[in-house]
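Engineer: Okay, so here is work.cif, and as you'll see once you scroll down, it has mmCIF, C-alpha atoms.
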```cif
data_query
#
loop_
_atom_site.label_atom_id
_atom_site.label_comp_id
_atom_site.auth_asym_id
_atom_site.auth_seq_id
_atom_site.Cartn_x
_atom_site.Cartn_y
_atom_site.Cartn_z
CA MET A 71 182.82 -16.63 -13.98
CA ASN A 72 184.05 -15.53 -17.42
CA LYS A 73 186.91 -17.63 -18.76
CA PHE A 74 188.41 -14.85 -20.86
CA ASP A 75 188.66 -11.14 -20.17
CA ILE A 76 187.63 -9.65 -23.54
CA ALA A 77 187.37 -6.08 -22.28
CA GLY A 78 190.59 -6.25 -20.30
CA HIS A 79 192.61 -7.31 -23.35
CA ARG A 80 191.31 -4.50 -25.56
CA LYS A 81 194.83 -3.31 -26.45
CA ILE A 82 195.44 -6.67 -28.12
CA TRP A 83 192.26 -6.36 -30.24
CA PHE A 84 193.14 -2.80 -31.24
CA LEU A 85 196.66 -3.93 -32.19
CA ILE A 86 195.33 -6.77 -34.36
CA SER A 87 193.09 -4.33 -36.23
CA LEU A 88 195.91 -1.83 -36.69
CA LEU A 89 198.14 -4.58 -38.12
CA VAL A 90 195.60 -4.95 -40.93
CA ILE A 91 194.42 -1.36 -41.35
CA ILE A 92 197.76 0.50 -41.33
CA PRO A 93 199.44 -1.70 -43.99
CA GLY A 94 196.17 -1.51 -45.92
CA ILE A 95 196.20 2.30 -45.91
CA ILE A 96 199.84 2.27 -47.03
CA CYS A 97 198.93 -0.16 -49.83
CA MET A 98 196.05 2.10 -50.90
CA PHE A 99 198.47 4.98 -51.45
CA VAL A 100 201.26 2.88 -52.98
CA LYS A 101 199.32 0.44 -55.20
CA GLY A 102 195.88 2.06 -55.29
CA PHE A 103 192.78 0.09 -56.29
CA ASN A 104 191.92 -1.98 -59.32
CA PHE A 105 188.94 0.06 -60.50
CA GLY A 106 186.46 -1.57 -62.85
CA ILE A 107 184.68 -0.20 -65.89
CA ASP A 108 182.21 1.75 -63.75
CA PHE A 109 185.07 3.94 -62.54
CA THR A 110 187.60 3.87 -65.37
CA GLY A 111 185.44 3.59 -68.46
CA GLY A 112 185.64 0.78 -70.99
CA THR A 113 184.02 -0.87 -73.97
CA ILE A 114 180.47 -2.10 -74.57
CA ILE A 115 179.85 -4.57 -77.40
CA ASP A 116 176.48 -6.02 -78.50
CA LEU A 117 176.73 -9.21 -80.55
CA LYS A 118 174.08 -11.20 -82.43
CA PHE A 119 175.14 -14.80 -83.13
CA GLU A 120 173.91 -17.10 -85.84
CA GLN A 121 173.49 -19.87 -83.27
CA PRO A 122 172.55 -19.50 -79.55
CA VAL A 123 175.51 -19.29 -77.20
CA SER A 124 175.92 -19.31 -73.42
CA ILE A 125 177.59 -16.72 -71.23
CA GLN A 126 180.16 -19.32 -70.14
CA GLN A 127 181.21 -19.99 -73.74
CA VAL A 128 181.96 -16.32 -74.33
CA ARG A 129 183.62 -15.92 -70.94
CA THR A 130 185.91 -18.87 -71.66
CA SER A 131 187.01 -17.22 -74.89
CA MET A 132 187.67 -13.90 -73.17
CA SER A 133 189.57 -15.58 -70.35
CA LYS A 134 192.36 -16.32 -72.83
CA TYR A 135 193.11 -12.57 -72.68
CA GLY A 136 192.61 -12.14 -68.91
CA LEU A 137 189.11 -10.68 -69.39
CA GLU A 138 187.10 -13.34 -67.56
CA GLY A 139 185.86 -10.70 -65.10
CA SER A 140 183.97 -8.83 -67.82
CA THR A 141 180.22 -8.41 -67.45
CA ILE A 142 178.34 -10.53 -70.00
CA GLN A 143 174.54 -10.44 -70.27
CA LEU A 144 172.08 -12.28 -72.50
CA THR A 145 169.99 -9.70 -74.34
CA GLY A 146 168.11 -11.72 -76.95
CA SER A 147 165.23 -14.13 -76.57
CA THR A 148 165.99 -17.48 -74.96
CA ASP A 149 164.49 -20.82 -75.85
CA ALA A 150 162.68 -21.69 -72.64
CA ALA A 151 161.63 -25.05 -74.02
CA SER A 152 165.23 -26.18 -74.27
CA ASP A 153 167.71 -24.06 -72.36
CA ALA A 154 167.08 -20.58 -70.93
CA THR A 155 170.81 -20.05 -70.34
CA VAL A 156 171.62 -19.53 -74.02
CA SER A 157 170.67 -16.79 -76.45
CA ASP A 158 171.56 -15.54 -79.91
CA SER A 159 172.31 -12.02 -78.58
CA LEU A 160 174.42 -10.78 -75.71
CA MET A 161 176.14 -7.66 -74.41
CA ILE A 162 179.76 -7.53 -73.22
CA ARG A 163 181.03 -4.81 -70.87
CA THR A 164 184.78 -4.95 -70.49
CA THR A 165 187.82 -2.76 -69.93
CA ASP A 166 189.02 -0.32 -72.54
CA LEU A 167 190.64 -2.43 -75.26
CA GLU A 168 193.33 -1.39 -77.69
CA GLU A 169 192.39 -1.87 -81.33
CA GLU A 170 194.69 -4.87 -81.87
CA GLN A 171 193.58 -6.53 -78.63
CA ARG A 172 189.94 -5.93 -79.51
CA LYS A 173 190.42 -7.59 -82.91
CA ASP A 174 192.12 -10.58 -81.30
CA VAL A 175 189.35 -10.99 -78.71
CA MET A 176 186.59 -10.72 -81.31
CA ALA A 177 188.36 -13.22 -83.59
CA THR A 178 188.68 -15.72 -80.73
CA ILE A 179 185.00 -15.36 -79.82
CA ARG A 180 184.07 -16.00 -83.47
CA GLU A 181 186.33 -19.04 -83.58
CA ASP A 182 185.05 -20.52 -80.31
CA CYS A 183 181.38 -19.54 -80.38
CA GLY A 184 180.43 -19.16 -84.02
CA ASP A 185 179.81 -16.30 -86.43
CA TYR A 186 178.07 -13.13 -85.31
CA GLN A 187 177.14 -9.59 -86.25
CA VAL A 188 178.32 -6.58 -84.23
CA MET A 189 175.15 -4.65 -83.40
CA ARG A 190 176.82 -1.98 -81.29
CA GLU A 191 180.32 -1.11 -80.19
CA GLU A 192 181.13 1.97 -78.14
CA LYS A 193 183.44 3.29 -75.48
CA VAL A 194 182.00 4.57 -72.20
CA GLY A 195 183.57 7.23 -70.04
CA ALA A 196 184.37 7.14 -66.35
CA THR A 197 182.00 9.95 -65.34
CA ILE A 198 179.74 7.46 -63.57
CA GLY A 199 182.67 6.58 -61.31
CA GLY A 200 182.83 10.00 -59.71
CA GLU A 201 179.08 10.02 -59.18
CA LEU A 202 179.17 6.55 -57.62
CA ILE A 203 181.95 7.55 -55.21
CA GLU A 204 180.16 10.77 -54.20
CA ASN A 205 176.86 8.97 -53.62
CA ALA A 206 178.54 6.15 -51.70
CA VAL A 207 180.46 8.53 -49.44
CA LEU A 208 177.33 10.62 -48.89
CA ALA A 209 175.29 7.50 -48.06
CA LEU A 210 177.91 6.34 -45.55
CA LEU A 211 178.22 9.75 -43.87
CA VAL A 212 174.45 10.19 -43.63
CA SER A 213 173.99 6.67 -42.26
CA TRP A 214 176.74 7.17 -39.68
CA GLY A 215 175.26 10.49 -38.58
CA LEU A 216 171.78 8.99 -38.23
CA ILE A 217 173.19 6.01 -36.32
CA ILE A 218 174.86 8.34 -33.80
CA LEU A 219 171.61 10.29 -33.35
CA TYR A 220 169.48 7.18 -33.01
CA VAL A 221 171.80 5.36 -30.62
CA ALA A 222 172.31 8.55 -28.60
CA TYR A 223 168.53 8.82 -28.24
CA ARG A 224 168.02 5.14 -27.35
CA PHE A 225 171.20 4.66 -25.29
CA GLU A 226 173.77 7.46 -24.92
CA TRP A 227 176.03 9.32 -27.34
CA ARG A 228 179.11 7.25 -26.40
CA PHE A 229 177.39 4.11 -27.69
CA GLY A 230 176.69 5.89 -30.98
CA VAL A 231 180.27 7.08 -31.42
CA ALA A 232 181.63 3.62 -30.57
CA ALA A 233 179.25 1.97 -33.06
CA VAL A 234 180.26 4.32 -35.88
CA LEU A 235 183.98 3.89 -35.15
CA ALA A 236 183.45 0.12 -35.37
CA LEU A 237 181.79 0.63 -38.77
CA VAL A 238 184.72 2.76 -39.95
CA HIS A 239 186.97 -0.10 -38.81
CA ASP A 240 185.01 -2.57 -40.97
CA ILE A 241 185.12 -0.33 -44.06
CA LEU A 242 188.88 0.16 -43.67
CA VAL A 243 189.45 -3.58 -43.33
CA VAL A 244 187.53 -4.29 -46.54
CA LEU A 245 189.39 -1.52 -48.38
CA ALA A 246 192.67 -2.91 -47.09
CA PHE A 247 191.93 -6.41 -48.41
CA PHE A 248 190.93 -5.05 -51.82
CA ALA A 249 194.12 -2.99 -51.95
CA PHE A 250 196.20 -6.05 -50.96
CA THR A 251 194.57 -8.43 -53.44
CA GLN A 252 193.93 -5.89 -56.22
CA ARG A 253 190.44 -7.26 -56.73
CA GLN A 254 188.20 -5.21 -58.97
CA VAL A 255 186.33 -2.29 -57.41
CA ASP A 256 183.05 -1.59 -59.21
CA SER A 257 179.45 -0.64 -58.47
CA SER A 258 178.78 -4.01 -56.78
CA PHE A 259 181.61 -3.23 -54.35
CA ILE A 260 179.74 -0.10 -53.24
CA ALA A 261 176.62 -2.20 -52.69
CA ALA A 262 178.69 -4.65 -50.62
CA LEU A 263 180.01 -1.85 -48.38
CA LEU A 264 176.50 -0.61 -47.64
CA THR A 265 175.37 -4.18 -46.92
CA ILE A 266 178.27 -4.66 -44.50
CA VAL A 267 177.36 -1.47 -42.64
CA GLY A 268 173.80 -2.73 -42.12
CA TYR A 269 174.96 -6.13 -40.88
CA SER A 270 177.68 -4.83 -38.55
CA ILE A 271 175.57 -2.18 -36.84
CA ASN A 272 172.82 -4.71 -36.13
CA ASP A 273 175.22 -7.05 -34.33
CA THR A 274 176.78 -4.18 -32.38
CA ILE A 275 173.39 -2.84 -31.23
CA VAL A 276 172.46 -6.27 -29.85
CA ILE A 277 175.53 -6.23 -27.59
CA PHE A 278 175.01 -2.59 -26.59
CA ASP A 279 171.39 -3.31 -25.71
CA ARG A 280 172.50 -6.10 -23.38
CA ILE A 281 175.08 -3.78 -21.79
CA ARG A 282 172.34 -1.23 -21.15
CA GLU A 283 170.09 -3.88 -19.59
CA ASN A 284 172.88 -5.06 -17.29
CA MET A 285 174.17 -1.64 -16.24
CA ARG A 286 171.74 -0.81 -13.48
CA LEU A 287 171.88 -4.20 -11.77
CA HIS A 288 175.60 -4.65 -12.34
CA PHE A 289 176.76 -1.36 -10.87
CA ARG A 290 174.38 -1.69 -7.91
CA ARG A 291 176.32 -4.82 -6.98
CA GLY A 292 179.63 -3.00 -7.17
CA GLY A 293 180.90 -4.52 -10.42
CA ASP A 294 183.42 -2.77 -12.63
CA ILE A 295 182.90 -1.74 -16.23
CA ASN A 296 185.14 -4.47 -17.69
CA GLN A 297 183.12 -7.15 -15.96
CA LEU A 298 179.91 -5.53 -17.22
CA VAL A 299 181.07 -5.67 -20.84
CA ASN A 300 182.44 -9.21 -20.52
CA THR A 301 179.16 -10.46 -19.06
CA SER A 302 177.10 -8.75 -21.76
CA VAL A 303 179.29 -10.03 -24.60
CA TYR A 304 179.20 -13.61 -23.33
CA GLN A 305 175.42 -13.45 -22.93
CA THR A 306 175.05 -12.52 -26.61
CA LEU A 307 177.98 -14.54 -27.94
CA THR A 308 175.93 -17.57 -29.01
CA ARG A 309 173.58 -15.38 -31.00
CA SER A 310 176.51 -13.51 -32.60
CA LEU A 311 178.28 -16.75 -33.60
CA TYR A 312 175.12 -18.30 -35.05
CA THR A 313 174.51 -15.16 -37.10
CA VAL A 314 178.03 -14.78 -38.45
CA PHE A 315 178.43 -18.46 -39.36
CA THR A 316 175.07 -18.45 -41.16
CA VAL A 317 175.94 -15.44 -43.31
CA LEU A 318 179.50 -16.65 -43.89
CA PHE A 319 178.32 -20.06 -45.09
CA THR A 320 175.81 -18.56 -47.52
CA THR A 321 178.27 -15.93 -48.76
CA ALA A 322 180.99 -18.57 -49.17
CA ALA A 323 178.57 -20.58 -51.31
CA LEU A 324 178.03 -17.49 -53.48
CA TYR A 325 181.79 -16.98 -53.75
CA PHE A 326 182.74 -20.57 -54.64
CA PHE A 327 179.70 -21.60 -56.69
CA GLY A 328 178.50 -18.29 -58.13
CA GLY A 329 179.57 -16.79 -61.42
CA GLU A 330 182.75 -14.84 -62.10
CA THR A 331 180.94 -11.50 -61.91
CA THR A 332 179.78 -12.15 -58.32
CA LYS A 333 183.14 -13.26 -56.89
CA ASP A 334 184.43 -9.80 -56.00
CA PHE A 335 181.06 -8.87 -54.48
CA ALA A 336 181.01 -12.08 -52.43
CA PHE A 337 184.65 -11.60 -51.38
CA ALA A 338 183.84 -8.11 -50.06
CA LEU A 339 180.91 -9.55 -48.08
CA LEU A 340 183.04 -12.37 -46.66
CA VAL A 341 185.69 -9.96 -45.40
CA GLY A 342 183.13 -7.41 -44.23
CA PHE A 343 180.91 -9.87 -42.37
CA ALA A 344 183.91 -11.43 -40.61
CA SER A 345 185.25 -7.99 -39.72
CA GLY A 346 181.79 -6.90 -38.58
CA ALA A 347 181.49 -9.83 -36.19
CA TYR A 348 185.01 -9.14 -34.88
CA SER A 349 184.41 -5.41 -34.39
CA SER A 350 181.06 -5.95 -32.67
CA ILE A 351 182.67 -8.17 -30.04
CA PHE A 352 186.23 -6.89 -29.74
CA ILE A 353 186.22 -3.26 -30.95
CA ALA A 354 182.89 -1.48 -30.33
CA SER A 355 182.49 -2.30 -26.64
CA PRO A 356 186.15 -1.58 -25.72
CA ILE A 357 185.87 1.80 -27.49
CA TRP A 358 182.79 2.53 -25.39
CA ILE A 359 184.80 1.63 -22.26
CA LEU A 360 187.53 4.10 -23.24
CA LEU A 361 184.99 6.87 -23.88
CA ARG A 362 183.23 6.21 -20.58
CA ASN A 363 186.49 6.01 -18.61
CA HIS A 364 187.62 9.28 -20.17
CA ALA A 365 184.37 10.98 -19.20
CA ASP A 366 184.56 9.57 -15.65
CA GLY A 367 188.16 10.77 -15.35
CA LYS A 368 187.22 14.30 -16.39
CA HIS A 369 184.30 14.25 -13.97
CA GLN A 370 186.51 13.16 -11.06
CA THR A 371 189.07 15.84 -11.92
CA ALA A 372 186.35 18.48 -11.92
CA VAL A 373 185.01 17.24 -8.58
CA LYS A 374 188.49 17.36 -7.01
CA ALA A 375 189.08 20.85 -8.39
CA ALA A 376 185.78 22.06 -6.98
CA ALA A 377 186.52 20.49 -3.59
CA ALA A 378 189.95 22.17 -3.49
CA LYS A 379 188.32 25.53 -3.86
#
```
Here is a file; write its structure as structure tokens.

Structural biologist:
Amino acid sequence: MNKFDIAGHRKIWFLISLLVIIPGIICMFVKGFNFGIDFTGGTIIDLKFEQPVSIQQVRTSMSKYGLEGSTIQLTGSTDAASDATVSDSLMIRTTDLEEEQRKDVMATIREDCGDYQVMREEKVGATIGGELIENAVLALLVSWGLIILYVAYRFEWRFGVAAVLALVHDILVVLAFFAFTQRQVDSSFIAALLTIVGYSINDTIVIFDRIRENMRLHFRRGGDINQLVNTSVYQTLTRSLYTVFTVLFTTAALYFFGGETTKDFAFALLVGFASGAYSSIFIASPIWILLRNHADGKHQTAVKAAAAK
């Protein structure tokens, strides 16, 4: 006998999600997002140093001006015999800098890292941002549509709708956390969202597949739909927990021990994977119950109306 009625307490799970999503939506409109260079434009600088330098040296210098999140890449040849993490040339991609701030930053880099020549310095526009957003939205809409079609073919359309609504839940949760924390939104954030969609739908389909397997036997024994979902969730719970803890551990390692440029990407994955595990267990199946109960209610009403005639 199940110790906890997951399906029966669905209003609690919906309320918990709404307590995150609704304030998040409000925050999106009030504070907006902290868009990175990919969306807002910025400055690209190529430097050639007299002596090899490391990315961390340059990042430490830029951190004095709050620019530690800038993208810094080695572009010159590295000395593999000694240290492949240093080079005499690198490229900096950072936010749009005012002339005085740019001079201060460049002077600090020269002071901390040695003399250099500026090989290229240019401002980039934000046109890529609009294209990224359009492509990301299109990718999400196409993936959601194909998921509904596939799940409707393999299961039934209510499973597909429930799965997509759970994915929308996960996307909104991640957006809410980025609005709350004002972490930078850039091209890697888009990649994180698409990764989260793939992870979350896989976990949801595993539970739905078990529900489908149990339906025929369960209803033949006179069980109700809540008991069916509870049984199916508990049968797959061990697998779900193993999966989520594995990905959370590895993503946490990327967040805490990776570089500065991967922290926002890893943070999005941490929130998204946790939300995906939550929605697969507590959101997707209860939504399916509501859709099925609604359909059954309409069917019973139609039957009663036909009998009355």

Engineer: Here is a test: counting all atoms listed in the file, which residue of A:Arg180, A:Lys333, A:Lys134, A:Arg129 is nearest to Arg163 of chain A?

Structural biologist: A:Arg129

Engineer: Using all atoms listed in the file, find the one residue out of A:Ile114, A:Cys183, A:Gly106, A:Ile92 that sits nearest to Gln127 of chain A.

Structural biologist: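 Among A:Ile114, A:Cys183, A:Gly106, A:Ile92, it is A:Cys183 that comes nearest to Gln127 of chain A.
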
Engineer: Quick check on the file I pasted: which residues fall under the PyMOL selection byres ((chain A and resi 245) around 9)? Write them as a PyMOL selection string.

Structural biologist: chain A and resi 91+94-95+98+103+240-244+246-250+338

Engineer: Using the chain letters and numbers from this file, what does the PyMOL selection byres ((chain A and resi 228) around 12) select? Give the answer as a PyMOL selection string.

Structural biologist: chain A and resi 217-227+229-235+278+354-365

Engineer: Starting from the PyMOL selection byres ((chain A and resi 284) around 12), expand the selection into actual residues of this file and give them as a PDB file with C-alpha atoms, keeping the file's coordinate frame.

Structural biologist:
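Saved the output as expr21.pdb:
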```
ATOM      1  CA  ILE A 277     175.530  -6.230 -27.590  1.00  0.00           C
ATOM      2  CA  PHE A 278     175.010  -2.590 -26.590  1.00  0.00           C
ATOM      3  CA  ASP A 279     171.390  -3.310 -25.710  1.00  0.00           C
ATOM      4  CA  ARG A 280     172.500  -6.100 -23.380  1.00  0.00           C
ATOM      5  CA  ILE A 281     175.080  -3.780 -21.790  1.00  0.00           C
ATOM      6  CA  ARG A 282     172.340  -1.230 -21.150  1.00  0.00           C
ATOM      7  CA  GLU A 283     170.090  -3.880 -19.590  1.00  0.00           C
ATOM      8  CA  MET A 285     174.170  -1.640 -16.240  1.00  0.00           C
ATOM      9  CA  ARG A 286     171.740  -0.810 -13.480  1.00  0.00           C
ATOM     10  CA  LEU A 287     171.880  -4.200 -11.770  1.00  0.00           C
ATOM     11  CA  HIS A 288     175.600  -4.650 -12.340  1.00  0.00           C
ATOM     12  CA  PHE A 289     176.760  -1.360 -10.870  1.00  0.00           C
ATOM     13  CA  ARG A 290     174.380  -1.690  -7.910  1.00  0.00           C
ATOM     14  CA  ARG A 291     176.320  -4.820  -6.980  1.00  0.00           C
ATOM     15  CA  GLY A 293     180.900  -4.520 -10.420  1.00  0.00           C
ATOM     16  CA  ASP A 294     183.420  -2.770 -12.630  1.00  0.00           C
ATOM     17  CA  ILE A 295     182.900  -1.740 -16.230  1.00  0.00           C
ATOM     18  CA  GLN A 297     183.120  -7.150 -15.960  1.00  0.00           C
ATOM     19  CA  LEU A 298     179.910  -5.530 -17.220  1.00  0.00           C
ATOM     20  CA  VAL A 299     181.070  -5.670 -20.840  1.00  0.00           C
ATOM     21  CA  ASN A 300     182.440  -9.210 -20.520  1.00  0.00           C
ATOM     22  CA  THR A 301     179.160 -10.460 -19.060  1.00  0.00           C
ATOM     23  CA  SER A 302     177.100  -8.750 -21.760  1.00  0.00           C
ATOM     24  CA  VAL A 303     179.290 -10.030 -24.600  1.00  0.00           C
ATOM     25  CA  GLN A 305     175.420 -13.450 -22.930  1.00  0.00           C
TER      26      GLN A 305
END
```

Engineer: Hey, can you check how far atom CA of Gly184 of chain A sits from atom CA of Ser140 of chain A?

Structural biologist: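 If I compute the distance from atom CA of Gly184 of chain A to atom CA of Ser140 of chain A, I get 19.5 Å.
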
Engineer: Would you mind telling me which residue in A:Trp83, A:Phe119, A:Tyr269, A:Tyr135 lies nearest to Met161 of chain A when using only C-alpha atoms?

Structural biologist: A:Phe119

Engineer: Taking into account only C-alpha atoms, which residue in the set A:Arg253, A:Tyr348, A:Thr141, A:Asp116 is nearest to Gly102 of chain A?

Structural biologist: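 Distance minimum relative to Gly102 of chain A lands on A:Arg253.
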
Engineer: Taking 4 positions as the minimum chain separation for residues in the same chain, which residues sit within 12 Å of Glu330 of chain A when counting all atoms listed in the file? Answer as a PyMOL selection string.

Structural biologist: chain A and resi 125-126+129-130+133+137-142+254+324-326+334-337

Engineer: Rank A:Thr274, A:Ser257, A:Thr331, A:Asn296 by their smallest atom-to-atom distance to Arg309 of chain A, using all atoms listed in the file, and report the top residue only.

Structural biologist: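 Closest candidate: A:Thr274.
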
Engineer: Using only C-alpha atoms, tabulate the residues of segment 250-271 of chain A lying at most 10 Å from any atom of segment 192-214 of chain A, each with its closest atom pair and that distance in Å to one decimal, by chain and increasing residue number, as CSV.

Structural biologist:
```
residue,atom,partner,partner_atom,distance
A:Asp256,CA,A:Gly199,CA,8.4
A:Ser257,CA,A:Leu202,CA,7.2
A:Ile260,CA,A:Ala206,CA,6.5
A:Ala261,CA,A:Ala206,CA,8.6
A:Leu263,CA,A:Ala206,CA,8.8
A:Leu264,CA,A:Leu210,CA,7.4
A:Val267,CA,A:Leu210,CA,8.4
A:Gly268,CA,A:Ser213,CA,9.4
A:Ile271,CA,A:Trp214,CA,9.8
```

Engineer: Between A:Met176, A:Leu144, A:Ala236, A:Leu311, which has the minimum distance to Ser87 of chain A (counting all atoms listed in the file)?

Structural biologist: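 That would be A:Ala236, the residue with the smallest distance to Ser87 of chain A.
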
Engineer: Measure the distance from atom CA of Pro93 of chain A to atom CA of His79 of chain A in Å and round it to one decimal.

Structural biologist: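 It comes out at 22.5 Å.
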
Engineer: What is the distance between atom CA of Phe343 of chain A and atom CA of Ala323 of chain A, in Å to one decimal?

Structural biologist: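 A separation of 14.1 Å between them.
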
Engineer: Could you write segment 119-140 of chain A as a PDB file, in the coordinates of the input, with N, CA and C atoms rebuilt where they are missing?

Structural biologist:
```
ATOM      1  N   PHE A 119     174.537 -13.587 -82.581  1.00  0.00           N
ATOM      2  CA  PHE A 119     175.140 -14.800 -83.130  1.00  0.00           C
ATOM      3  C   PHE A 119     174.166 -15.521 -84.068  1.00  0.00           C
ATOM      4  N   GLU A 120     174.739 -16.286 -84.962  1.00  0.00           N
ATOM      5  CA  GLU A 120     173.910 -17.100 -85.840  1.00  0.00           C
ATOM      6  C   GLU A 120     173.282 -18.265 -85.093  1.00  0.00           C
ATOM      7  N   GLN A 121     173.999 -18.785 -84.094  1.00  0.00           N
ATOM      8  CA  GLN A 121     173.490 -19.870 -83.270  1.00  0.00           C
ATOM      9  C   GLN A 121     173.518 -19.430 -81.797  1.00  0.00           C
ATOM     10  N   PRO A 122     172.558 -19.892 -80.971  1.00  0.00           N
ATOM     11  CA  PRO A 122     172.550 -19.500 -79.550  1.00  0.00           C
ATOM     12  C   PRO A 122     173.847 -19.905 -78.841  1.00  0.00           C
ATOM     13  N   VAL A 123     174.304 -19.036 -77.984  1.00  0.00           N
ATOM     14  CA  VAL A 123     175.510 -19.290 -77.200  1.00  0.00           C
ATOM     15  C   VAL A 123     175.203 -19.017 -75.735  1.00  0.00           C
ATOM     16  N   SER A 124     176.082 -19.543 -74.861  1.00  0.00           N
ATOM     17  CA  SER A 124     175.920 -19.310 -73.420  1.00  0.00           C
ATOM     18  C   SER A 124     176.939 -18.277 -72.955  1.00  0.00           C
ATOM     19  N   ILE A 125     176.664 -17.683 -71.811  1.00  0.00           N
ATOM     20  CA  ILE A 125     177.590 -16.720 -71.230  1.00  0.00           C
ATOM     21  C   ILE A 125     178.940 -17.379 -70.961  1.00  0.00           C
ATOM     22  N   GLN A 126     178.918 -18.636 -70.481  1.00  0.00           N
ATOM     23  CA  GLN A 126     180.160 -19.320 -70.140  1.00  0.00           C
ATOM     24  C   GLN A 126     181.037 -19.551 -71.361  1.00  0.00           C
ATOM     25  N   GLN A 127     180.431 -19.808 -72.519  1.00  0.00           N
ATOM     26  CA  GLN A 127     181.210 -19.990 -73.740  1.00  0.00           C
ATOM     27  C   GLN A 127     182.002 -18.727 -74.074  1.00  0.00           C
ATOM     28  N   VAL A 128     181.303 -17.587 -74.007  1.00  0.00           N
ATOM     29  CA  VAL A 128     181.960 -16.320 -74.330  1.00  0.00           C
ATOM     30  C   VAL A 128     182.997 -15.970 -73.273  1.00  0.00           C
ATOM     31  N   ARG A 129     182.673 -16.232 -72.017  1.00  0.00           N
ATOM     32  CA  ARG A 129     183.620 -15.920 -70.940  1.00  0.00           C
ATOM     33  C   ARG A 129     184.889 -16.760 -71.078  1.00  0.00           C
ATOM     34  N   THR A 130     184.739 -18.012 -71.469  1.00  0.00           N
ATOM     35  CA  THR A 130     185.910 -18.870 -71.660  1.00  0.00           C
ATOM     36  C   THR A 130     186.822 -18.312 -72.760  1.00  0.00           C
ATOM     37  N   SER A 131     186.210 -17.814 -73.814  1.00  0.00           N
ATOM     38  CA  SER A 131     187.010 -17.220 -74.890  1.00  0.00           C
ATOM     39  C   SER A 131     187.744 -15.981 -74.409  1.00  0.00           C
ATOM     40  N   MET A 132     187.063 -15.150 -73.639  1.00  0.00           N
ATOM     41  CA  MET A 132     187.670 -13.900 -73.170  1.00  0.00           C
ATOM     42  C   MET A 132     188.719 -14.151 -72.102  1.00  0.00           C
ATOM     43  N   SER A 133     188.598 -15.269 -71.402  1.00  0.00           N
ATOM     44  CA  SER A 133     189.570 -15.580 -70.350  1.00  0.00           C
ATOM     45  C   SER A 133     190.965 -15.802 -70.915  1.00  0.00           C
ATOM     46  N   LYS A 134     191.053 -16.123 -72.189  1.00  0.00           N
ATOM     47  CA  LYS A 134     192.360 -16.320 -72.830  1.00  0.00           C
ATOM     48  C   LYS A 134     193.159 -15.017 -72.871  1.00  0.00           C
ATOM     49  N   TYR A 135     192.459 -13.887 -72.671  1.00  0.00           N
ATOM     50  CA  TYR A 135     193.110 -12.570 -72.680  1.00  0.00           C
ATOM     51  C   TYR A 135     193.025 -11.895 -71.302  1.00  0.00           C
ATOM     52  N   GLY A 136     192.705 -12.684 -70.254  1.00  0.00           N
ATOM     53  CA  GLY A 136     192.610 -12.140 -68.910  1.00  0.00           C
ATOM     54  C   GLY A 136     191.389 -11.287 -68.697  1.00  0.00           C
ATOM     55  N   LEU A 137     190.322 -11.501 -69.474  1.00  0.00           N
ATOM     56  CA  LEU A 137     189.110 -10.680 -69.390  1.00  0.00           C
ATOM     57  C   LEU A 137     187.925 -11.457 -68.847  1.00  0.00           C
ATOM     58  N   GLU A 138     188.193 -12.504 -68.069  1.00  0.00           N
ATOM     59  CA  GLU A 138     187.100 -13.340 -67.560  1.00  0.00           C
ATOM     60  C   GLU A 138     186.205 -12.599 -66.566  1.00  0.00           C
ATOM     61  N   GLY A 139     186.678 -11.469 -66.039  1.00  0.00           N
ATOM     62  CA  GLY A 139     185.860 -10.700 -65.100  1.00  0.00           C
ATOM     63  C   GLY A 139     184.906  -9.740 -65.768  1.00  0.00           C
ATOM     64  N   SER A 140     184.874  -9.728 -67.093  1.00  0.00           N
ATOM     65  CA  SER A 140     183.970  -8.830 -67.820  1.00  0.00           C
ATOM     66  C   SER A 140     182.516  -9.191 -67.531  1.00  0.00           C
TER      67      SER A 140
END
```
